[in-house]
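See structure below.
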Protein chains: 2
Amino acid sequence: MKKSSVEQLILETLSRENTHLTSLQVYEEIRKQLPAVNSSTVYRALERMSKRGMVSVSDIGTGAEVFEVVKNELHHHLVCQECGRIITIGQEDVRTFFKVIEQINDFEVFTNHLILFGLCSECRKKDNLS
Amino acid sequence: MKKSSVEQLILETLSRENTHLTSLQVYEEIRKQLPAVNSSTVYRALERMSKRGMVSVSDIGTGAEVFEVVKNELHHHLVCQECGRIITIGQEDVRTFFKVIEQINDFEVFTNHLILFGLCSECRKKDNLS
DNA sequence: TTTGCAATTGCAAAAATTTGCATTATAAAA
DNA sequence: TTTTATAATGCAAATTTTTGCAATTGCAAA
Ligand SMILES: [Zn+2]
Ligand SMILES: [Zn+2]
Ligand SMILES: [Zn+2]
Ligand SMILES: [Zn+2]
């Protein structure tokens with residue numbers, strides 16, 4: 001390993017791709033630039049980074065967890081269990097909910113990438129017809 | 001496989017244990033009653049059951065996803081990232097939040113076991129002192 | 001600079017999970 | 001009952017992820 005730490009490469013990769021990637025996808029991306037890198041090094045770096053809140057880890061219903069770089073402006077998602085459609089929602093309403101939970105339970109919420117599963121409007125229409 | 005389907009055994013196991021189990025733990029429990037059962041059979045059954053909403057799947061910060069039987073009265077959790085403490089919360093406030101999200105986004109939320117990460121009050125006190 | 005310590009990495013083995021395909025069981029239809 | 005179609009299961013191989021341990025690196029104190 002030369003100058004570039006794997007963490008730095010992961011951040012660059014996730015920022016560049018700017019989407020949700022599985023740990024394997026991250027590993028394969030990193031390997032393009034650093035062919036000798038070991039998978040466990042990447043996996044362990046991802047784990048560290050998610051603990052520090054640098055990246056988010058989420059199950060979006062695709063089978064494997066996905067990672068995404070965390071920016072200043074947080075976002076969250078609604079995922080349709082039928083068609084897989086991913087709707088991105090902002091912080092506002094989520095923050096309000098978090099505030100309520102925090103006050104009631106004397107608990108400080110850190111969750112930075114909330115995923116809610118359900119049915120999108122299109123799929124609900126289709127289901128009603130059939 | 002005789003009469004008993006693996007799904008039935010999984011339901012019984014999760015109901016009996018009445019807690020969060022990893023897929024491997026479920027597999028090992030099932031194997032006690034059905035030594036010849038194959039791991040892929042259990043894993044695939046768990047996947048089917050979570051799709052149907054019979055069991056919940058969640059990351060509670062322990063490394064591996066955990067499964068739990070879904071009852072009529074839903075519950076959710078707050079998980080402390082520092083001490084691992086798991087606080088169980090009821091439906092009320094969560095349901096209110098879901099309703100808001102549903103109306104704004106024309107999306108029907110199915111999520112049956114919400115996990116929020118953060119800091120519990122005890123750990124916040126400790127952190128303030130140090 | 002040198003020393004010491006903690007964090008990071010590589011490596012190899014183990015463990016856990018997934019996948020493709022053949023077989024078997026279940027249930028509905030004829 | 002027999003036929004047919006769908007779903008569940010087993011099996012073996014492949015893939016993905018984790019783990020223990022040793023070696024290396026980075027950083028700061030001495
Ligand atoms: Zn996202
Ligand atoms: Zn949909
Ligand atoms: Zn629970
Ligand atoms: Zn705590």
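Labeling convention for the structure tokens: chains A, B, ... as they appear, residues from 1 per chain, ligands from 1 in order of appearance.
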
Exercise. Which neighbours of Phe67 (chain A) fall inside 10 Å, counting only C-alpha atoms (C1' of nucleotides), when residues of the same chain fewer than 2 positions from it are skipped, and could you give them as a list in words?
Worked result: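 The contact residues come out as Leu14, Thr19, His20, Leu21, Thr22, Ser23, Gln25, Val26, Leu46, Glu47, Ser50, Val55, Ser56, Val57, Ser58, Asp59, Ala64, Glu65, Val69 and Val70 of chain A.
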
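Distance criterion 7 Å to chain B, applied with only C-alpha atoms, yields A:Phe97, A:Asp106, A:Phe107, A:Glu108, A:Val109, A:Phe110, A:Thr111, A:Leu116, A:Phe117, A:Gly118, A:Leu119, A:Cys120, A:Ser121 on chain A.
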
For this session: Select all residues from chain C having any atom no more than 10 Å from an atom of chain B (counting only C-alpha atoms (C1' of nucleotides), ignoring ligands), output as a PyMOL selection string.
Result: chain C and resi 16-19+24-25

For this session: Going by DSSP on the backbone, which bits of region 100-130 of chain A are alpha helix (DSSP H)? Write them as a ChimeraX atom specification, please.
Result: /A:100-105,121-129

Limited to C-alpha atoms, could you put the picked residues into a file as a PDB file, in the first residue's frame?
```
ATOM      1  CA  VAL A 100     -40.330  12.866  18.594  1.00  0.00           C
ATOM      2  CA  ILE A 101     -38.613   9.545  19.146  1.00  0.00           C
ATOM      3  CA  GLU A 102     -35.626  11.271  20.734  1.00  0.00           C
ATOM      4  CA  GLN A 103     -37.740  13.193  23.229  1.00  0.00           C
ATOM      5  CA  ILE A 104     -39.958  10.302  24.203  1.00  0.00           C
ATOM      6  CA  ASN A 105     -37.132   7.824  24.655  1.00  0.00           C
ATOM      7  CA  SER A 121     -48.691   4.017  -6.192  1.00  0.00           C
ATOM      8  CA  GLU A 122     -48.258   2.367  -9.590  1.00  0.00           C
ATOM      9  CA  CYS A 123     -48.100  -1.115  -8.136  1.00  0.00           C
ATOM     10  CA  ARG A 124     -51.061  -0.409  -5.892  1.00  0.00           C
ATOM     11  CA  LYS A 125     -53.114   0.534  -8.938  1.00  0.00           C
ATOM     12  CA  LYS A 126     -52.126  -2.640 -10.760  1.00  0.00           C
ATOM     13  CA  ASP A 127     -52.923  -4.773  -7.732  1.00  0.00           C
ATOM     14  CA  ASN A 128     -56.365  -3.221  -7.418  1.00  0.00           C
ATOM     15  CA  LEU A 129     -57.228  -4.055 -11.018  1.00  0.00           C
TER      16      LEU A 129
END
```

For this session: Would you kindly report the residues of chain B within 9 Å of chain D, using only C-alpha atoms (C1' of nucleotides), as a ChimeraX atom specification?
Result: /B:1,5,37-38,40-41,45

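Take atom 1 (Zn, counted along the ligand's line) of ligand 2 and CA of His76 (chain A): the distance between them is 17.0 Å.
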